[in-house]
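Only one structure is covered here, and it is reproduced in the block below.
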Amino acid sequence: MKYKIQFTLILIIIVNISFSQEFNWQVELPIVDSSGYYNIFLRPEITSKLNKKFSDVRIFDKKKHEVPYIRQADEDELKSATSKKIKIMQNEHKLAKKYTMALIHNPKKDEFENLVLIIKQTDAEKWVHLSGSDDLRNWHILKNNTRYQSEFSDTATAEIRMLDIPKTNYEYYKLLIFDYNKEIIRLDEVISYQITKKEQEYAEVLRPTFIQEDTTEETRTILKISFAKMQYIDKIAFEIESPKNFLRKAELTKKDSATGKKIRIDYHDSKKKDFYLCSDSINHLILSKYTAKDLYLVVENNDDINLKFSDVRAYQENEYLTAFLEAGEKYIVKFGNKNVPAPIYDIKFFKEKIPLLNPVLETSKMEQLIENDGKNRKSIVIKPYLLWIAFAIVLAILSLISIRVFRKK
């Protein structure tokens with residue numbers, strides 16, 4: 001009886017492990033006529049189901065094998081001629097806390113949208129926490145334990161390329177590089193590069209509804225903007241019908257669903273975002289992978305007549321996955337599992353061999369796989385080799401049970 005209980009418990013653990021690999025949604029890719037690299041367009045309705053790192057997406061062939069891919073966002077070229085070395089004020093390893101802590105100084109408050117960390121060569125995965133501050137007391141999170149793999153190099157050093165941080169100009173930045181693999185990460189340099197990017201292309205998300213309220217006492221216009229569901233927003237545009245000439249200060253806020261309070265929104269949800277609406281300019285606000293369902297635009301009218309809004313539209317930057325597809329093969333893209341870690345494929349070491357221009361594939365209608373509206377079951381995320389260990393234990397227990405039964409006979 002005791003062995004049956006042990007066997008049942010192990011089976012439960014294995015089932016829970018398998019749950020962690022499930023995805024909530026899937027789309028099919030069209031069958032291609034010729035083998036080669038293709039850019040798979042991720043529509044906004046797909047990206048809205050992904051985590052902020054866009055890492056919980058996989059491509060599978062008909063044999064359920066993963067197909068390696070790279071994101072187009074990873075294809076920015078670093079221009080060393082315009083690199084800037086950033087001063088490291090403090091650099092120490094915290095053995096008990098299992099991380100390297102570095103404090104870097106930006107006295108001129110230059111704007112950064114990427115950081116490249118030069119470290120001792122290692123193949124281990126790294127988890128990096130990045131925050132910014134202007135006074136060394138109030139810190140704003142820019143990256144929260146984000147997983148990185150260092151770029152391939154045949155030298156004694158390697159690079160961790162953080163190319164997707166929000167554009168900021170803090171005077172101080174704090175880096176925590178975690179060494180969960182029990183390998184001390186030695187940080188040598190921190191560099192920021194001027195990245196040459198192609199002009200961004202956007203796809204419109206599902207049109208939001210909006211309600212305008214004018215407050216005569218406070219001389220403000222409040223625009224409540226509501227989306228049908230949570231959306232990633234990279235740009236939001238406003239159309240204003242009247243008056244003919246205006247220049248008004250505005251502020252965008254959102255309602256925090258957890259607390260019911262309004263909080264300021266910015267590139268990284270941490271500090272106040274003010275901007276101006278003007279009759280002589282295109283009235284749009286650039287965000288960066290900002291997720292929201294209900295937004296509030298507050299416009300200061302002062303002694304002028306209220307603005308009259310005629311339309312509000314929101315957009316996402318176009319997202320693509322580049323992968324090699326075989327002619328006549330059927331492929332499925334599965335996504336939406338917050339517990340799945342970012343994939344690590346060899347393809348990123350050979351991206352210079354991938355053509356710059358590839359055919360673009362549109363995906364089929366989205367199909368829901370798990371009836372929980374995108375919310376995952378609580379499960380244990382575990383590495384594959386531990387799964388094999390679990391299976392080995394099951395086999396060992398089965399062998400013991402068989403031997404005992406045989407001896408009793």
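So you can find residues: chains in the structure tokens are A, B, ... in the order shown, residues in each start at 1, and ligands are numbered from 1 in order.
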(message) Report as a PyMOL selection string all protein, DNA and RNA residues lying within 7 Å of Ile141 of chain A, evaluated on only C-alpha atoms, omitting residues in the same chain fewer than 5 positions from it.
(response) chain A and resi 130-132
Just the selected residues (N, CA and C atoms), exported as a PDB file, in the first residue's frame, please.
```
ATOM      1  N   LEU A 130      17.190  45.408 -13.391  1.00  0.00           N
ATOM      2  CA  LEU A 130      17.694  46.747 -13.656  1.00  0.00           C
ATOM      3  C   LEU A 130      16.710  47.782 -13.119  1.00  0.00           C
ATOM      4  N   SER A 131      17.233  48.762 -12.402  1.00  0.00           N
ATOM      5  CA  SER A 131      16.393  49.849 -11.897  1.00  0.00           C
ATOM      6  C   SER A 131      17.151  51.167 -12.047  1.00  0.00           C
ATOM      7  N   GLY A 132      16.391  52.274 -12.057  1.00  0.00           N
ATOM      8  CA  GLY A 132      16.989  53.592 -12.239  1.00  0.00           C
ATOM      9  C   GLY A 132      16.561  54.551 -11.149  1.00  0.00           C
TER      10      GLY A 132
END
```
Would you pick out the contacts of Asp61 of chain A at 7 Å or less, using only C-alpha atoms, so that residues sharing its chain but fewer than 6 positions from it are not included, and give the list as a CSV table (one decimal) with C-alpha atoms, in the first residue's frame?
```
chain,number,residue,atom,x,y,z
A,67,VAL,CA,11.2,25.1,-34.5
A,330,LYS,CA,2.3,22.0,-41.4
A,331,TYR,CA,3.2,24.3,-38.5
A,332,ILE,CA,1.4,25.4,-35.4
```
(message) Would you pick out the contacts of Arg147 of chain A at 12 Å or less, using only C-alpha atoms, so that residues sharing its chain but fewer than 5 positions from it are not included, and give the list as a count of residues only?
(response) 23
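What separates atom CA of Ser226 of chain A from atom CA of Leu277 of chain A is a distance of 20.1 Å.
Between atom CA of Ser279 of chain A and atom CA of Thr219 of chain A the interatomic distance comes to 19.1 Å.
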(message) Please list as a PyMOL selection string every residue within 12 Å of Thr47 of chain A, counting only C-alpha atoms and excluding residues in the same chain fewer than 2 positions away.
(response) chain A and resi 25-26+41-45+49-57+203+205+230-234+289-291+315-321+334-336+366
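Secondary structure from DSSP on the backbone puts helix (DSSP H, G or I) at the following positions of segment 146-355 of chain A: Asp346, Ile347, Lys348, Phe349, Phe350, Lys351, Glu352 and Lys353 of chain A.
When only C-alpha atoms are used to compute distances to Ser364 of chain A, the closest of the residues A:Phe23, A:Lys98, A:Phe60, A:Glu28 turns out to be A:Glu28.
Put simply, atom CA of Leu356 of chain A is 25.1 Å away from atom CA of Ala158 of chain A.
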Leaving out Pro107 of chain A and any residue of its chain fewer than 6 positions from it, which residues lie within 10 Å of it when counting only C-alpha atoms, given as a PDB file with C-alpha atoms, in the first residue's frame?
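Dumped everything to part.pdb:
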```
ATOM      1  CA  ILE A  86      29.354  54.132 -18.597  1.00  0.00           C
ATOM      2  CA  LYS A  87      31.203  54.563 -15.322  1.00  0.00           C
ATOM      3  CA  ASP A 134      17.951  60.214  -9.705  1.00  0.00           C
ATOM      4  CA  ASN A 169      17.856  59.270 -18.582  1.00  0.00           C
ATOM      5  CA  TYR A 170      18.306  58.470 -14.904  1.00  0.00           C
ATOM      6  CA  GLU A 171      21.496  59.632 -13.224  1.00  0.00           C
ATOM      7  CA  TYR A 172      22.020  56.247 -11.570  1.00  0.00           C
TER       8      TYR A 172
END
```
(message) Please list as a PyMOL selection string every residue within 8 Å of Tyr69 of chain A, counting only C-alpha atoms and excluding residues in the same chain fewer than 5 positions away.
(response) chain A and resi 59+321-324+345+347
(message) Give me, as a ChimeraX atom specification, all polymer residues having an atom no more than 12 Å from Lys244 of chain A, counting only C-alpha atoms and skipping those fewer than 3 positions away in the same chain.
(response) /A:240-241,247,278-280,304-308
(message) For a quick check of understanding, using only C-alpha atoms, which of A:Ala396, A:Ile401, A:Ala228, A:Leu163 has the smallest distance to Gln72 of chain A?
(response) A:Leu163
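The smallest atom-to-atom distance between Ile31 of chain A and any of A:Ile104, A:Ala314, A:Ile70, A:Leu325, using only C-alpha atoms, is found for A:Leu325.
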